[in-house]
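File shown: final-v7.cif. Contents: mmCIF, C-alpha atoms.
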```
data_start
#
loop_
_atom_site.label_atom_id
_atom_site.label_comp_id
_atom_site.auth_asym_id
_atom_site.auth_seq_id
_atom_site.Cartn_x
_atom_site.Cartn_y
_atom_site.Cartn_z
CA MET U 1 19.29 30.71 -7.26
CA ASP U 2 18.44 28.20 -9.97
CA HIS U 3 16.32 25.26 -8.79
CA ASN U 4 18.70 22.67 -10.22
CA VAL U 5 21.69 24.31 -8.57
CA ARG U 6 19.86 24.40 -5.24
CA LEU U 7 18.94 20.73 -5.62
CA GLY U 8 22.56 19.85 -6.37
CA LEU U 9 23.71 21.72 -3.28
CA LEU U 10 21.13 19.96 -1.13
CA ILE U 11 22.24 16.54 -2.40
CA ALA U 12 25.87 17.46 -1.74
CA LEU U 13 24.89 18.63 1.74
CA LEU U 14 23.14 15.32 2.38
CA PHE U 15 26.20 13.29 1.40
CA VAL U 16 28.54 15.47 3.46
CA TYR U 17 26.18 15.29 6.43
CA MET U 18 26.05 11.50 6.21
CA PHE U 19 29.79 11.03 5.70
CA VAL U 20 30.54 13.25 8.70
CA GLY U 21 27.83 11.52 10.71
CA ALA U 22 29.31 8.11 9.91
CA GLY U 23 32.68 9.22 11.22
CA LEU U 24 31.18 10.60 14.40
CA PHE U 25 29.09 7.50 14.98
CA HIS U 26 32.11 5.28 14.43
CA ALA U 27 33.95 7.38 17.02
CA VAL U 28 31.26 7.18 19.71
CA GLU U 29 30.39 3.54 18.94
CA PRO U 30 33.72 1.69 18.62
CA TYR U 31 34.05 -2.01 18.06
CA GLU U 32 33.77 -4.35 21.06
CA GLY U 33 37.05 -4.72 22.91
CA SER U 34 38.11 -1.08 22.78
CA TRP U 35 38.67 0.99 25.90
CA TRP U 36 35.47 2.96 25.33
CA TRP U 37 33.41 -0.22 25.24
CA GLN U 38 35.03 -1.59 28.37
CA ASP U 39 34.64 1.64 30.32
CA GLY U 40 31.02 0.95 31.36
CA ASN U 41 29.34 2.78 28.47
CA ASN U 42 27.43 -0.23 27.16
CA THR U 43 23.76 0.31 28.01
CA ASN U 44 22.40 -2.68 26.09
CA ASN U 45 22.45 -5.87 28.13
CA SER U 46 20.84 -7.98 25.42
CA GLY U 47 24.02 -8.23 23.42
CA GLY U 48 22.44 -6.88 20.24
CA ASN U 49 20.35 -8.77 17.71
CA ALA U 50 20.78 -12.43 18.58
CA THR U 51 19.19 -13.57 15.33
CA LEU U 52 22.04 -12.25 13.18
CA PRO U 53 25.42 -14.00 12.93
CA PHE U 54 27.46 -10.80 13.06
CA SER U 55 28.31 -8.05 15.48
CA PRO U 56 25.72 -5.27 15.97
CA GLN U 57 28.57 -2.73 16.15
CA PRO U 58 30.28 -1.09 13.18
CA ARG U 59 33.69 -2.64 12.56
CA SER U 60 34.72 -0.08 9.96
CA TYR U 61 33.90 3.42 8.76
CA PHE U 62 31.73 2.17 5.89
CA GLU U 63 29.77 -0.12 8.17
CA ALA U 64 29.06 2.97 10.26
CA PHE U 65 28.08 4.76 7.06
CA PHE U 66 25.68 1.93 6.19
CA TYR U 67 24.14 2.32 9.64
CA ILE U 68 23.68 6.04 8.98
CA VAL U 69 22.02 5.16 5.66
CA THR U 70 19.49 2.93 7.43
CA VAL U 71 18.76 5.71 9.92
CA VAL U 72 18.26 8.56 7.44
CA THR U 73 16.21 6.46 5.03
CA THR U 74 14.24 5.03 8.00
CA ILE U 75 14.85 1.49 6.70
CA GLY U 76 16.36 0.37 10.00
CA TYR U 77 17.47 -3.19 9.29
CA GLY U 78 18.66 -3.54 12.87
CA HIS U 79 21.90 -5.26 11.81
CA ILE U 80 23.85 -2.45 13.49
CA ILE U 81 22.43 -0.79 16.58
CA PRO U 82 23.77 1.82 19.01
CA MET U 83 25.04 0.15 22.17
CA THR U 84 26.45 3.09 24.14
CA ALA U 85 24.50 5.98 25.62
CA PHE U 86 26.38 8.55 23.53
CA ALA U 87 25.65 6.61 20.35
CA LYS U 88 21.94 6.51 21.10
CA VAL U 89 21.79 10.24 21.81
CA PHE U 90 23.84 10.96 18.70
CA THR U 91 21.52 8.82 16.55
CA ALA U 92 18.44 10.63 17.84
CA VAL U 93 19.91 14.07 17.15
CA PHE U 94 21.34 13.05 13.79
CA ALA U 95 18.04 11.55 12.60
CA ASN U 96 16.14 14.64 13.72
CA PHE U 97 17.92 16.67 11.03
CA GLY U 98 18.86 14.01 8.49
CA ILE U 99 15.41 12.54 7.89
CA PRO U 100 13.70 15.90 7.10
CA LEU U 101 16.58 16.80 4.78
CA LEU U 102 16.18 13.55 2.85
CA VAL U 103 12.39 13.90 2.70
CA TYR U 104 12.75 17.45 1.36
CA ILE U 105 15.16 16.29 -1.34
CA LEU U 106 12.89 13.40 -2.28
CA ALA U 107 9.93 15.78 -2.53
CA ILE U 108 11.83 18.06 -4.94
CA ILE U 109 13.10 15.24 -7.15
CA GLY U 110 9.76 13.44 -6.97
CA ARG U 111 7.96 16.57 -8.17
CA LYS U 112 10.36 16.95 -11.09
CA VAL U 113 9.87 13.32 -12.10
CA THR U 114 6.11 13.69 -11.66
CA ASP U 115 6.07 16.68 -14.01
CA LEU U 116 7.85 14.60 -16.65
CA VAL U 117 5.38 11.77 -16.19
CA LEU U 118 2.44 14.16 -16.46
CA ALA U 119 3.87 15.60 -19.67
CA GLY U 120 3.99 12.08 -21.08
CA GLU U 121 0.47 11.45 -19.84
CA ALA U 122 -0.85 14.53 -21.64
CA ARG U 123 0.93 13.53 -24.84
CA PHE U 124 0.34 9.78 -25.06
CA LEU U 125 -2.75 9.13 -22.92
CA HIS U 126 -4.98 11.99 -24.02
CA ARG U 127 -7.41 9.52 -25.63
CA VAL U 128 -8.08 7.74 -22.34
CA PRO U 129 -11.48 8.98 -21.17
CA GLY U 130 -11.64 11.05 -18.01
CA PRO U 131 -8.89 12.49 -15.81
CA TYR U 132 -9.23 9.67 -13.27
CA GLY U 133 -8.97 7.09 -16.04
CA ARG U 134 -5.79 8.68 -17.42
CA ARG U 135 -4.24 8.94 -13.96
CA THR U 136 -5.08 5.31 -13.18
CA VAL U 137 -3.32 4.15 -16.35
CA THR U 138 -0.35 6.42 -15.57
CA VAL U 139 0.04 5.09 -12.03
CA MET U 140 -0.18 1.50 -13.27
CA LEU U 141 2.53 2.14 -15.86
CA VAL U 142 4.80 3.77 -13.30
CA GLU U 143 4.18 0.85 -10.93
CA LEU U 144 5.08 -1.68 -13.63
CA PHE U 145 8.20 0.29 -14.54
CA GLY U 146 9.38 0.24 -10.93
CA LEU U 147 8.41 -3.39 -10.46
CA PHE U 148 10.62 -4.46 -13.34
CA PHE U 149 13.53 -2.00 -13.23
CA LEU U 150 13.71 -1.22 -9.49
CA LEU U 151 12.60 -4.45 -7.84
CA MET U 152 13.00 -7.45 -10.14
CA ILE U 153 16.28 -6.62 -11.88
CA PRO U 154 18.09 -5.28 -8.76
CA GLY U 155 16.60 -8.18 -6.80
CA ALA U 156 18.09 -10.67 -9.26
CA ILE U 157 21.48 -8.93 -9.09
CA ILE U 158 21.54 -8.86 -5.29
CA ALA U 159 20.36 -12.46 -5.09
CA ARG U 160 23.23 -13.44 -7.38
CA LEU U 161 25.77 -11.56 -5.27
CA GLU U 162 24.44 -12.81 -1.95
CA GLY U 163 23.69 -16.39 -2.95
CA TRP U 164 19.96 -15.98 -2.28
CA GLY U 165 17.00 -17.17 -4.29
CA PHE U 166 15.25 -14.75 -6.62
CA ALA U 167 12.27 -14.46 -4.25
CA ASP U 168 14.55 -13.45 -1.37
CA GLY U 169 16.38 -10.95 -3.55
CA MET U 170 13.15 -9.31 -4.67
CA TRP U 171 11.85 -9.37 -1.10
CA TYR U 172 14.99 -7.57 0.03
CA THR U 173 14.60 -4.85 -2.60
CA PHE U 174 10.92 -4.43 -1.75
CA VAL U 175 11.40 -4.00 2.02
CA SER U 176 14.33 -1.66 1.33
CA VAL U 177 12.69 0.64 -1.22
CA THR U 178 9.48 0.88 0.80
CA THR U 179 11.60 1.48 3.95
CA ILE U 180 9.85 -1.38 5.78
CA GLY U 181 13.23 -2.91 6.62
CA PHE U 182 12.32 -6.07 8.52
CA GLY U 183 15.99 -6.98 8.84
CA ASP U 184 15.44 -10.66 8.07
CA LEU U 185 17.80 -10.25 5.10
CA VAL U 186 20.85 -7.98 5.19
CA SER U 187 23.12 -7.81 2.17
CA GLY U 188 26.88 -7.62 2.28
CA TYR U 189 27.66 -10.18 4.98
CA ARG U 190 27.77 -13.41 2.97
CA ASP U 191 31.41 -13.34 1.97
CA ARG U 192 33.80 -14.75 4.60
CA SER U 193 36.41 -12.24 3.52
CA VAL U 194 34.13 -9.45 4.74
CA GLU U 195 33.99 -11.07 8.16
CA LYS U 196 37.78 -11.11 8.31
CA ASP U 197 38.33 -7.66 6.80
CA PRO U 198 35.36 -5.22 6.67
CA ASN U 199 37.54 -2.60 4.94
CA LEU U 200 37.58 -4.33 1.56
CA PRO U 201 37.30 -1.73 -1.24
CA LEU U 202 34.67 -3.73 -3.14
CA TYR U 203 32.57 -4.05 0.01
CA ASN U 204 32.76 -0.29 0.59
CA PHE U 205 31.80 0.37 -3.02
CA TYR U 206 28.91 -2.06 -2.61
CA ILE U 207 27.59 0.01 0.31
CA LEU U 208 27.73 3.23 -1.73
CA CYS U 209 25.90 1.53 -4.62
CA LYS U 210 23.18 0.33 -2.27
CA PHE U 211 22.69 3.84 -0.90
CA CYS U 212 22.30 5.27 -4.41
CA TYR U 213 19.85 2.48 -5.21
CA TYR U 214 17.80 3.29 -2.12
CA LEU U 215 17.58 6.93 -3.19
CA ILE U 216 16.41 6.04 -6.70
CA GLY U 217 13.85 3.60 -5.33
CA MET U 218 12.51 6.13 -2.84
CA VAL U 219 12.17 8.71 -5.63
CA TRP U 220 10.03 6.15 -7.46
CA MET U 221 7.84 5.79 -4.38
CA ALA U 222 7.58 9.58 -3.99
CA THR U 223 6.52 9.89 -7.63
CA ILE U 224 3.70 7.41 -7.13
CA TRP U 225 2.52 9.25 -4.02
CA MET U 226 2.44 12.56 -5.88
CA LEU U 227 0.64 11.11 -8.90
CA ILE U 228 -2.07 9.76 -6.63
CA GLY U 229 -2.16 12.80 -4.37
CA ASP U 230 -2.70 15.20 -7.27
CA VAL U 231 -6.12 13.71 -8.04
CA LEU U 232 -7.29 13.21 -4.46
CA PRO U 233 -9.36 15.88 -2.71
CA PRO U 234 -7.35 18.15 -0.42
CA ILE U 235 -7.17 17.19 3.25
CA ARG U 236 -8.31 20.65 4.30
CA PRO U 237 -10.74 22.06 1.71
CA GLU U 238 -10.45 25.72 1.02
CA ALA U 239 -13.11 27.90 2.59
CA PRO U 240 -15.52 29.40 0.07
CA LYS U 241 -14.61 32.90 -0.82
CA GLN U 242 -17.15 35.44 0.29
CA GLU U 243 -18.25 37.81 -2.40
CA GLU U 244 -17.40 41.30 -1.48
CA LYS U 245 -20.39 43.47 -1.78
CA ALA U 246 -19.75 46.79 -3.37
CA GLU U 247 -20.40 49.46 -0.86
CA GLU U 248 -22.99 51.89 -2.08
CA PRO U 249 -22.15 55.48 -1.33
CA GLU U 250 -24.48 56.97 1.21
CA ALA U 251 -26.62 59.84 0.05
CA GLU U 252 -25.51 63.12 1.42
CA ARG U 253 -27.85 64.43 4.05
CA GLU U 254 -28.91 67.97 3.77
CA PRO U 255 -28.43 70.05 6.84
CA SER U 256 -31.51 70.39 9.01
CA GLY U 257 -33.62 73.36 8.12
CA THR U 258 -32.38 73.54 4.51
CA LEU U 259 -35.51 72.00 3.04
CA LEU U 260 -37.77 74.43 4.93
CA ALA U 261 -35.54 77.29 3.93
CA ASN U 262 -35.83 76.33 0.27
CA GLN U 263 -39.60 76.09 0.49
CA ALA U 264 -39.92 79.43 2.13
#
```
Can you turn what I pasted into structure tokens?
Amino acid sequence: MDHNVRLGLLIALLFVYMFVGAGLFHAVEPYEGSWWWQDGNNTNNSGGNATLPFSPQPRSYFEAFFYIVTVVTTIGYGHIIPMTAFAKVFTAVFANFGIPLLVYILAIIGRKVTDLVLAGEARFLHRVPGPYGRRTVTVMLVELFGLFFLLMIPGAIIARLEGWGFADGMWYTFVSVTTIGFGDLVSGYRDRSVEKDPNLPLYNFYILCKFCYYLIGMVWMATIWMLIGDVLPPIRPEAPKQEEKAEEPEAEREPSGTLLANQA
């Protein structure tokens, strides 16, 4: 199978896995007030994250999908958390398969992007002395590219949409792309209309756009890791190959008594 076709199938599998997972999570973690919530399945007595002015439970399918996004990408804002025992077990099982799938996809895409960057390095940076010097310049250029196009510009856009300052917007993009996810800033909850109706089409589209942005940003991070890892010594150095000595054929021994018979 062609590598690009396989990559496309893996990406499609990831989206299907997450969309199905969001539906299942929304089913096992309904909004407060439903019969399932009132039937003694709440195992969290703290009432969720008290520092956030919104419910820690998904009120709609796309809020459940956004929770799944934070689980698979390991960002974990903590704005939505599993409250029932089934939801916690489901999250653990879902993450056990979803996170390796995403990491595998990021490794494939990151390697493809790295190969393109290395081709540009060989073409435009061949005059930079030394392989370490060329790789240092390459990593710095990739870092500056991501800083401007993946942190500053998206940060300014999100700050505009959320009513934050530019520093907060860039901080949000940084903790999201690096998967730190402190949870001190969570986008998408500023508008009062979202509080009244979490099923707004623009809000759902906003969640999908954020997920795509996270993927692009994480590919950028994977590319940097691979560019640096290619010039670092291996973690487990290869054992020196032992030279195989050519076996010399043993001289044929004459039968005992032959020498004396010849001399006789």
Evaluate the PyMOL selection byres ((chain U and resi 95) around 10) on the structure here and hand back the selected residues as JSON, numbers by chain. {"U": [21, 68, 71, 72, 73, 74, 90, 91, 92, 93, 94, 96, 97, 98, 99, 100, 101]}
Would you be able to write out as a PyMOL selection string which residues have an atom within 8 Å of (36.3, 5.0, 9.5) in the file's coordinates, counting all atoms listed in the file? chain U and resi 22-23+26+60-62+64
Residue nearest U:Gly188 - candidates U:Arg127, U:Arg111, U:His79, U:Lys88, atoms counted: all atoms listed in the file: U:His79
Apply the PyMOL selection byres ((chain U and resi 225-237) around 10) to the structure shown and report the selected residues as a PyMOL selection string. chain U and resi 107+110-111+113-115+117-118+131-132+135-136+138-139+142+219-224+238-240
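When all atoms listed in the file are used to measure the gap to U:Leu9, the shortest distance among U:Thr178, U:Ile75, U:Ile105, U:Gly217 belongs to U:Ile105.
Using all atoms listed in the file for every distance, the candidate list U:Ala122, U:Ala27, U:Met218, U:Ile153 yields U:Met218 as the residue closest to U:Ile180.
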Interatomic distance, atom CA of U:Leu151 to atom CA of U:Phe174 (Å, one decimal): 6.3 Å
Give me the residues within 12 Å of stretch 199-212 of chain U as a PyMOL selection string, counting all atoms listed in the file and dropping any in the same chain fewer than 6 places off. chain U and resi 11+14-15+18-19+58-73+75+150+154-155+157-158+161-162+172-173+176-177+186-193+218-219
Would you output that residue set with C-alpha atoms, as a short mmCIF file (atom, residue, chain, number, x, y, z; two decimals), keeping the file's coordinate frame?
```cif
data_model
loop_
_atom_site.label_atom_id
_atom_site.label_comp_id
_atom_site.auth_asym_id
_atom_site.auth_seq_id
_atom_site.Cartn_x
_atom_site.Cartn_y
_atom_site.Cartn_z
CA ILE U 11 22.24 16.54 -2.40
CA LEU U 14 23.14 15.32 2.38
CA PHE U 15 26.20 13.29 1.40
CA MET U 18 26.05 11.50 6.21
CA PHE U 19 29.79 11.03 5.70
CA PRO U 58 30.28 -1.09 13.18
CA ARG U 59 33.69 -2.64 12.56
CA SER U 60 34.72 -0.08 9.96
CA TYR U 61 33.90 3.42 8.76
CA PHE U 62 31.73 2.17 5.89
CA GLU U 63 29.77 -0.12 8.17
CA ALA U 64 29.06 2.97 10.26
CA PHE U 65 28.08 4.76 7.06
CA PHE U 66 25.68 1.93 6.19
CA TYR U 67 24.14 2.32 9.64
CA ILE U 68 23.68 6.04 8.98
CA VAL U 69 22.02 5.16 5.66
CA THR U 70 19.49 2.93 7.43
CA VAL U 71 18.76 5.71 9.92
CA VAL U 72 18.26 8.56 7.44
CA THR U 73 16.21 6.46 5.03
CA ILE U 75 14.85 1.49 6.70
CA LEU U 150 13.71 -1.22 -9.49
CA PRO U 154 18.09 -5.28 -8.76
CA GLY U 155 16.60 -8.18 -6.80
CA ILE U 157 21.48 -8.93 -9.09
CA ILE U 158 21.54 -8.86 -5.29
CA LEU U 161 25.77 -11.56 -5.27
CA GLU U 162 24.44 -12.81 -1.95
CA TYR U 172 14.99 -7.57 0.03
CA THR U 173 14.60 -4.85 -2.60
CA SER U 176 14.33 -1.66 1.33
CA VAL U 177 12.69 0.64 -1.22
CA VAL U 186 20.85 -7.98 5.19
CA SER U 187 23.12 -7.81 2.17
CA GLY U 188 26.88 -7.62 2.28
CA TYR U 189 27.66 -10.18 4.98
CA ARG U 190 27.77 -13.41 2.97
CA ASP U 191 31.41 -13.34 1.97
CA ARG U 192 33.80 -14.75 4.60
CA SER U 193 36.41 -12.24 3.52
CA MET U 218 12.51 6.13 -2.84
CA VAL U 219 12.17 8.71 -5.63
#
```
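When atom CA of U:Arg134 is paired with atom CA of U:Glu121, their separation reads 7.3 Å.
If you look at atom CA of U:Tyr77 and atom CA of U:Pro56, they are 10.8 Å away from each other.
Distances from U:Val28, U:Ile109, U:Ile81, U:Leu7 to U:Ile216 were compared using all atoms listed in the file, and the smallest one belongs to U:Ile109.
When only C-alpha atoms are used to compute distances to U:Trp164, the closest of the residues U:Leu185, U:Thr84, U:Gly130, U:Ile108 turns out to be U:Leu185.
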